[in-house]
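Participant: This is the structure, below, for whatever I ask next.
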Amino acid sequence: MSASSGSAGLLQVTDLTVRRERDVLLSRVSLAVAQGSLHAVIGPNGAGKSTLLTALLGLTPFEGRIVTRWQRDGRIGYVPQGFSVDRTLPVTVEDFLALTRQRRPVCLGVGRSARRHISALLDGVGLLGVEKRPLAVLSGGELRRVLLAHALDPLPELLILDEPATGLDEAAGRQLEDTLLALRRDTKTTVLMVSHDLEQVRRVADHVTVLDRTVVRDGAAREVLSDDLVRSGLLFGRREANRT
Amino acid sequence: MTAFYSWVAALAASGILPGDFQYPFLVRGFLSVLVLAPVLGGLSHLVVTRRMAFFSAALGQAALTGVAIGLLVGEPINAPYGGMFGFCLVSTLAMVYVKRHATLPSDTLIGVFHALTLGLGLCLLVALTRQFNVHQVESVLFGSLLTVTDGDLALLVAVGVVVGALLLRQYNALVLDSLNPPLASVTGADSAYLEYLFAFLLALSIVVSLKVIGALLVESLVVVPAAAARNLARSTRGYLVWSIGVAFLAGIGGLGVSTRLLVPTGGAVVLAASLLFFLTLLARLFMPRTAQDVPTPGRANA
């Protein structure tokens, strides 16, 4: 990912192609993520949404260009889609969040100031009081909120979320939306989110890209989500229909 | 060191220390355990967290082959460190490289290396029997305190300090990388560097522990303490403390048993560690569960 300064979009992706052996997972994807926006990427299963995120994070080799125009420190926060924890692993929520919060090895204990900071972070995602709980006993929704707290520490310039609503009940889903909207409003943090939940995308996103191995639709959320094909879900079924 | 051994022997003779400490080889053994416990116990909880137990077993076998190579190229029979470390290092780099670049599951790939090094080691050991009495390499296979020298002890201390310092420096990144490598990468950790570094430190620690524990059993001491600690620990700190504690108790217990019953030290230490594992398993059944330990319905990790 190359970086430069300027006032245009925070992230500019041009002709991004990802191949795995003989398969083309993404083909000539181009999109722009505006500074301070909440940009959602939607699409059917296997559309390459998570692959796009891993390419943006530099975790997957790609062809094409990714240009960033950082205005602050260029820190990226990331909430992965999958996070499995061995059920007997004695790593507590506090230990996990301290891994990036403090320089001191966590096996030597968590410092007082780190503990205070971690409590405030957990309070921010509605999980105060779970500090001493092992990660392995958390529900899927609780774990995703812990991952969100991890991604927000320290405050990122770009927050990348892969299916953040997975495992969340309705109340927790609404709380996540409030957190994202508050982030955009108060801190101008840019959010790039992959989601399956069109209703959630409608409530929070201001820009939507529909992906199906390449960009199918891209534009303002209201405009893209009012597209009959997207609304009826036909767009998502097209590739499957073509296969059969 | 002679003056130190004489002083300890005098304390043992006057009843301040146990009578066993009259013998310098037992003092060296005790000191070895004092150094090995934090090194192997500390590594142990990271080995299990990073799911590298099988990798450690393969490294133990590689060390055995390294002994044979060292002796064949003329290294002294009581310290073939060049062959051991050289072959372990080559095996470590090859295993990590292939694991990172191949698409096969890592346990399958390590199984291939395990078989390869064991086969090579057995062939070389048979070749060695034409030059040495095979009983002379038993100490490397099963561990023996009688063969631990002051030089071995000094090497153990030096390696222990280096391994401990490097592990503590990278500890947080290593744990995060074990939990979720992409997440660690996003926070700035270099996953490849961490994997090579940890494997290198593990190989180094295994090589210097062979005199005490033995090539065939050393992997047990980098797995069993952490397995036992998991039954008791409720935090990362507790995990480390219990791992070291179990390694230390197993070391002292094994040392005592091997001295009295004249059995190989490595076997006795591993038996003691295994006994402690089953005791912790029992203890876990009777440990009170706090509200913090109760899984939330819909737990993410079944």
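In the structure tokens, the first chain shown is A, the next is B, and so on; residue numbers restart at 1 for each chain, and ligands run from 1 in the order shown.
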With a distance cut-off of 7 Å and only C-alpha atoms, select the neighbouring residues of segment 101-106 of chain A, excluding the residue or stretch itself and same-chain residues fewer than 6 positions from it, and output the selection as a PyMOL selection string.
Facilitator: (chain A and resi 95+114) or (chain B and resi 168+171-172+236-237)
Participant: Do you know which residues are at most 8 Å from Glu131 of chain A counting only C-alpha atoms, after dropping those on the same chain fewer than 3 positions away, and could you put them as a list in words?
Facilitator: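 The residues satisfying every condition are Thr92, Val93, Glu94, Ile118, Ser119 and Leu128 of chain A.
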Participant: Restrict the calculation to only C-alpha atoms, then for each residue of chain A with any atom at most 7 Å from an atom of chain B give the closest atom pair and their distance in Å to one decimal, rows by chain and rising residue number, as a Markdown table.
Facilitator:
| residue | atom | partner | partner_atom | distance |
| --- | --- | --- | --- | --- |
| A:Leu57 | CA | B:Val186 | CA | 6.9 |
| A:Leu59 | CA | B:Pro182 | CA | 6.9 |
| A:Ile76 | CA | B:Val186 | CA | 6.9 |
| A:Tyr78 | CA | B:Leu183 | CA | 6.8 |
| A:Phe83 | CA | B:Asn180 | CA | 6.8 |
| A:Ser84 | CA | B:Asn301 | CA | 6.1 |
| A:Val85 | CA | B:Asn301 | CA | 6.1 |
| A:Arg87 | CA | B:Asn301 | CA | 6.3 |
| A:Thr88 | CA | B:Arg230 | CA | 6.5 |
| A:Leu89 | CA | B:Arg230 | CA | 6.8 |
| A:Pro90 | CA | B:Ser235 | CA | 5.0 |
| A:Val91 | CA | B:Thr236 | CA | 5.3 |
| A:Thr92 | CA | B:Ser235 | CA | 5.8 |
| A:Asp95 | CA | B:Thr236 | CA | 6.7 |
| A:Leu99 | CA | B:Asn172 | CA | 5.0 |
| A:Pro105 | CA | B:Tyr171 | CA | 5.6 |
| A:Val106 | CA | B:Asn172 | CA | 6.3 |
| A:Cys107 | CA | B:Arg237 | CA | 4.2 |
| A:Leu108 | CA | B:Arg237 | CA | 5.9 |
| A:Gly109 | CA | B:Arg237 | CA | 6.0 |
| A:Lys132 | CA | B:Gln292 | CA | 6.6 |
| A:Arg133 | CA | B:Gln292 | CA | 4.8 |
| A:Pro134 | CA | B:Asp293 | CA | 6.9 |
| A:Ala136 | CA | B:Asn301 | CA | 6.3 |
| A:Val137 | CA | B:Pro295 | CA | 4.2 |
| A:Leu138 | CA | B:Arg299 | CA | 5.4 |
| A:Ser139 | CA | B:Arg299 | CA | 3.7 |
| A:Gly140 | CA | B:Ala300 | CA | 4.2 |
Participant: So which residues touch segment 104-107 of chain B within 12 Å, counting only C-alpha atoms, skipping near sequence neighbours fewer than 5 positions away, as a list in words?
Facilitator: Arg51, Met52, Ala53, Phe54, Phe55, Ser56, Ala57, Ala58, Met95, Val96, Tyr97, Val98, Lys99, Val112, Phe113 and His114 of chain B
Participant: Generate a file of the selected residues that holds N, CA, C and O atoms, formatted as a PDB file, in the first residue's frame.
Facilitator:
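Result file follows (result-v1.pdb):
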ATOM      1  N   ARG B  51       0.518 -23.901  19.407  1.00  0.00           N
ATOM      2  CA  ARG B  51       0.241 -25.237  18.844  1.00  0.00           C
ATOM      3  C   ARG B  51       1.485 -25.816  18.167  1.00  0.00           C
ATOM      4  O   ARG B  51       1.450 -26.227  17.003  1.00  0.00           O
ATOM      5  N   MET B  52       2.602 -25.834  18.919  1.00  0.00           N
ATOM      6  CA  MET B  52       3.854 -26.319  18.352  1.00  0.00           C
ATOM      7  C   MET B  52       4.383 -27.554  19.081  1.00  0.00           C
ATOM      8  O   MET B  52       5.588 -27.817  19.077  1.00  0.00           O
ATOM      9  N   ALA B  53       3.484 -28.311  19.728  1.00  0.00           N
ATOM     10  CA  ALA B  53       3.918 -29.487  20.475  1.00  0.00           C
ATOM     11  C   ALA B  53       4.569 -30.508  19.541  1.00  0.00           C
ATOM     12  O   ALA B  53       5.639 -31.058  19.834  1.00  0.00           O
ATOM     13  N   PHE B  54       3.940 -30.758  18.410  1.00  0.00           N
ATOM     14  CA  PHE B  54       4.459 -31.741  17.460  1.00  0.00           C
ATOM     15  C   PHE B  54       5.772 -31.240  16.847  1.00  0.00           C
ATOM     16  O   PHE B  54       6.697 -32.012  16.584  1.00  0.00           O
ATOM     17  N   PHE B  55       5.852 -29.954  16.642  1.00  0.00           N
ATOM     18  CA  PHE B  55       7.070 -29.321  16.129  1.00  0.00           C
ATOM     19  C   PHE B  55       8.223 -29.587  17.107  1.00  0.00           C
ATOM     20  O   PHE B  55       9.340 -29.915  16.702  1.00  0.00           O
ATOM     21  N   SER B  56       7.948 -29.477  18.408  1.00  0.00           N
ATOM     22  CA  SER B  56       8.975 -29.720  19.431  1.00  0.00           C
ATOM     23  C   SER B  56       9.445 -31.172  19.397  1.00  0.00           C
ATOM     24  O   SER B  56      10.637 -31.454  19.563  1.00  0.00           O
ATOM     25  N   ALA B  57       8.490 -32.094  19.187  1.00  0.00           N
ATOM     26  CA  ALA B  57       8.851 -33.514  19.114  1.00  0.00           C
ATOM     27  C   ALA B  57       9.795 -33.742  17.933  1.00  0.00           C
ATOM     28  O   ALA B  57      10.807 -34.456  18.047  1.00  0.00           O
ATOM     29  N   ALA B  58       9.482 -33.110  16.803  1.00  0.00           N
ATOM     30  CA  ALA B  58      10.336 -33.255  15.615  1.00  0.00           C
ATOM     31  C   ALA B  58      11.724 -32.675  15.881  1.00  0.00           C
ATOM     32  O   ALA B  58      12.734 -33.224  15.420  1.00  0.00           O
ATOM     33  N   MET B  95      11.555 -26.556   8.393  1.00  0.00           N
ATOM     34  CA  MET B  95      10.164 -26.825   8.798  1.00  0.00           C
ATOM     35  C   MET B  95       9.325 -25.550   8.753  1.00  0.00           C
ATOM     36  O   MET B  95       8.199 -25.555   8.256  1.00  0.00           O
ATOM     37  N   VAL B  96       9.883 -24.450   9.277  1.00  0.00           N
ATOM     38  CA  VAL B  96       9.111 -23.209   9.300  1.00  0.00           C
ATOM     39  C   VAL B  96       8.884 -22.705   7.877  1.00  0.00           C
ATOM     40  O   VAL B  96       7.779 -22.287   7.515  1.00  0.00           O
ATOM     41  N   TYR B  97       9.936 -22.786   7.062  1.00  0.00           N
ATOM     42  CA  TYR B  97       9.809 -22.298   5.682  1.00  0.00           C
ATOM     43  C   TYR B  97       8.726 -23.086   4.926  1.00  0.00           C
ATOM     44  O   TYR B  97       7.834 -22.499   4.311  1.00  0.00           O
ATOM     45  N   VAL B  98       8.828 -24.406   5.003  1.00  0.00           N
ATOM     46  CA  VAL B  98       7.862 -25.239   4.270  1.00  0.00           C
ATOM     47  C   VAL B  98       6.447 -25.023   4.823  1.00  0.00           C
ATOM     48  O   VAL B  98       5.481 -24.919   4.070  1.00  0.00           O
ATOM     49  N   LYS B  99       6.342 -24.934   6.151  1.00  0.00           N
ATOM     50  CA  LYS B  99       5.030 -24.719   6.785  1.00  0.00           C
ATOM     51  C   LYS B  99       4.394 -23.414   6.285  1.00  0.00           C
ATOM     52  O   LYS B  99       3.203 -23.343   6.048  1.00  0.00           O
ATOM     53  N   VAL B 112       6.214 -35.324   8.175  1.00  0.00           N
ATOM     54  CA  VAL B 112       7.174 -35.734   7.143  1.00  0.00           C
ATOM     55  C   VAL B 112       8.603 -35.484   7.646  1.00  0.00           C
ATOM     56  O   VAL B 112       9.475 -36.356   7.554  1.00  0.00           O
ATOM     57  N   PHE B 113       8.834 -34.294   8.215  1.00  0.00           N
ATOM     58  CA  PHE B 113      10.169 -33.971   8.739  1.00  0.00           C
ATOM     59  C   PHE B 113      10.538 -34.900   9.894  1.00  0.00           C
ATOM     60  O   PHE B 113      11.681 -35.325  10.042  1.00  0.00           O
ATOM     61  N   HIS B 114       9.563 -35.179  10.740  1.00  0.00           N
ATOM     62  CA  HIS B 114       9.756 -36.050  11.896  1.00  0.00           C
ATOM     63  C   HIS B 114      10.266 -37.411  11.420  1.00  0.00           C
ATOM     64  O   HIS B 114      11.263 -37.943  11.918  1.00  0.00           O
TER      65      HIS B 114
END
Participant: Could you go through segment 80-277 of chain B and tell me which residues DSSP, when run on the backbone, assigns to alpha helix (DSSP H), listing them as a PyMOL selection string?
Facilitator: chain B and resi 81-101+106-128+138-142+150-179+181-186+191-213+218-221+224-230+236-261+265-277
Participant: Counting only C-alpha atoms, which of A:Pro164, A:Gly82, A:Gly58, A:Pro156 gets nearest to Arg184 of chain A?
Facilitator: A:Pro156
Participant: Skip segment 88-94 of chain B itself and residues of its chain fewer than 5 positions away, then list as a list in words all residues within 7 Å of it, counting only C-alpha atoms.
Facilitator: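 Final neighbour list, sorted by chain and number: Leu59, Ala62, Ala63, Gly66, Ala199, Phe200 and Ala203 of chain B.
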Participant: Take the residues just selected and output them with N, CA, C and O atoms as a PDB file, in the first residue's frame.
Facilitator:
ATOM      1  N   LEU B  59      11.772 -31.581  16.646  1.00  0.00           N
ATOM      2  CA  LEU B  59      13.074 -30.977  16.964  1.00  0.00           C
ATOM      3  C   LEU B  59      13.907 -31.891  17.867  1.00  0.00           C
ATOM      4  O   LEU B  59      15.132 -31.969  17.732  1.00  0.00           O
ATOM      5  N   ALA B  62      15.395 -34.342  15.691  1.00  0.00           N
ATOM      6  CA  ALA B  62      16.448 -33.714  14.883  1.00  0.00           C
ATOM      7  C   ALA B  62      17.723 -33.597  15.715  1.00  0.00           C
ATOM      8  O   ALA B  62      18.839 -33.787  15.196  1.00  0.00           O
ATOM      9  N   ALA B  63      17.558 -33.308  17.011  1.00  0.00           N
ATOM     10  CA  ALA B  63      18.728 -33.199  17.885  1.00  0.00           C
ATOM     11  C   ALA B  63      19.456 -34.541  17.976  1.00  0.00           C
ATOM     12  O   ALA B  63      20.693 -34.591  17.988  1.00  0.00           O
ATOM     13  N   GLY B  66      21.353 -34.910  14.986  1.00  0.00           N
ATOM     14  CA  GLY B  66      22.480 -33.973  15.087  1.00  0.00           C
ATOM     15  C   GLY B  66      23.615 -34.542  15.916  1.00  0.00           C
ATOM     16  O   GLY B  66      24.796 -34.331  15.609  1.00  0.00           O
ATOM     17  N   ALA B 199      10.841 -20.390  16.813  1.00  0.00           N
ATOM     18  CA  ALA B 199      11.345 -21.731  16.479  1.00  0.00           C
ATOM     19  C   ALA B 199      12.849 -21.821  16.758  1.00  0.00           C
ATOM     20  O   ALA B 199      13.338 -22.837  17.267  1.00  0.00           O
ATOM     21  N   PHE B 200      13.580 -20.755  16.477  1.00  0.00           N
ATOM     22  CA  PHE B 200      15.021 -20.727  16.730  1.00  0.00           C
ATOM     23  C   PHE B 200      15.305 -20.827  18.238  1.00  0.00           C
ATOM     24  O   PHE B 200      16.150 -21.613  18.670  1.00  0.00           O
ATOM     25  N   ALA B 203      14.623 -24.321  19.424  1.00  0.00           N
ATOM     26  CA  ALA B 203      15.688 -25.251  19.028  1.00  0.00           C
ATOM     27  C   ALA B 203      16.912 -25.083  19.936  1.00  0.00           C
ATOM     28  O   ALA B 203      17.490 -26.067  20.421  1.00  0.00           O
TER      29      ALA B 203
END
Participant: Output as a PyMOL selection string all residues of segment 47-145 of chain A that backbone DSSP marks as strand (DSSP E or B).
Facilitator: chain A and resi 63-68+76-79+92+134+139
Participant: A:Leu168, A:Leu25, A:Val204, A:Leu180: which is nearest Thr54 of chain A, counting only C-alpha atoms?
Facilitator: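 Of the candidates, the smallest distance to Thr54 of chain A is held by A:Leu25.
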Participant: Would you kindly return, as a VMD selection string, each protein, DNA or RNA residue with an atom no farther than 12 Å from any atom of Gly173 of chain A, considering only C-alpha atoms and excluding same-chain residues fewer than 3 positions away?
Facilitator: chain A and resid 125 to 126 141 to 142 144 to 145 163 to 170 176 to 180 197 199 to 201 203 to 204
Participant: Could you list, as a VMD selection string, every residue within 8 Å of segment 270-274 of chain B, counting only C-alpha atoms and ignoring same-chain residues fewer than 3 positions away?
Facilitator: chain B and resid 217 220 to 221 224 to 225 246 to 247 249 to 251 253 to 254 266 to 267 277 to 278
Participant: Measuring atom to atom with only C-alpha atoms, identify which of B:Leu276, B:Val47, B:Val257, B:Ala102 is nearest to Trp242 of chain B.
Facilitator: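 Closest to Trp242 of chain B of all the choices is B:Leu276.
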Participant: Please measure the separation of atom CA of Pro38 of chain B and atom CA of Ile244 of chain B, giving the value in Å to one decimal.
Facilitator: 5.1 Å
Participant: Between atom CA of Leu26 of chain A and atom CA of Ala40 of chain A, what is the distance in Å, rounded to a tenth?
Facilitator: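 Interatomic distance here is 17.0 Å.
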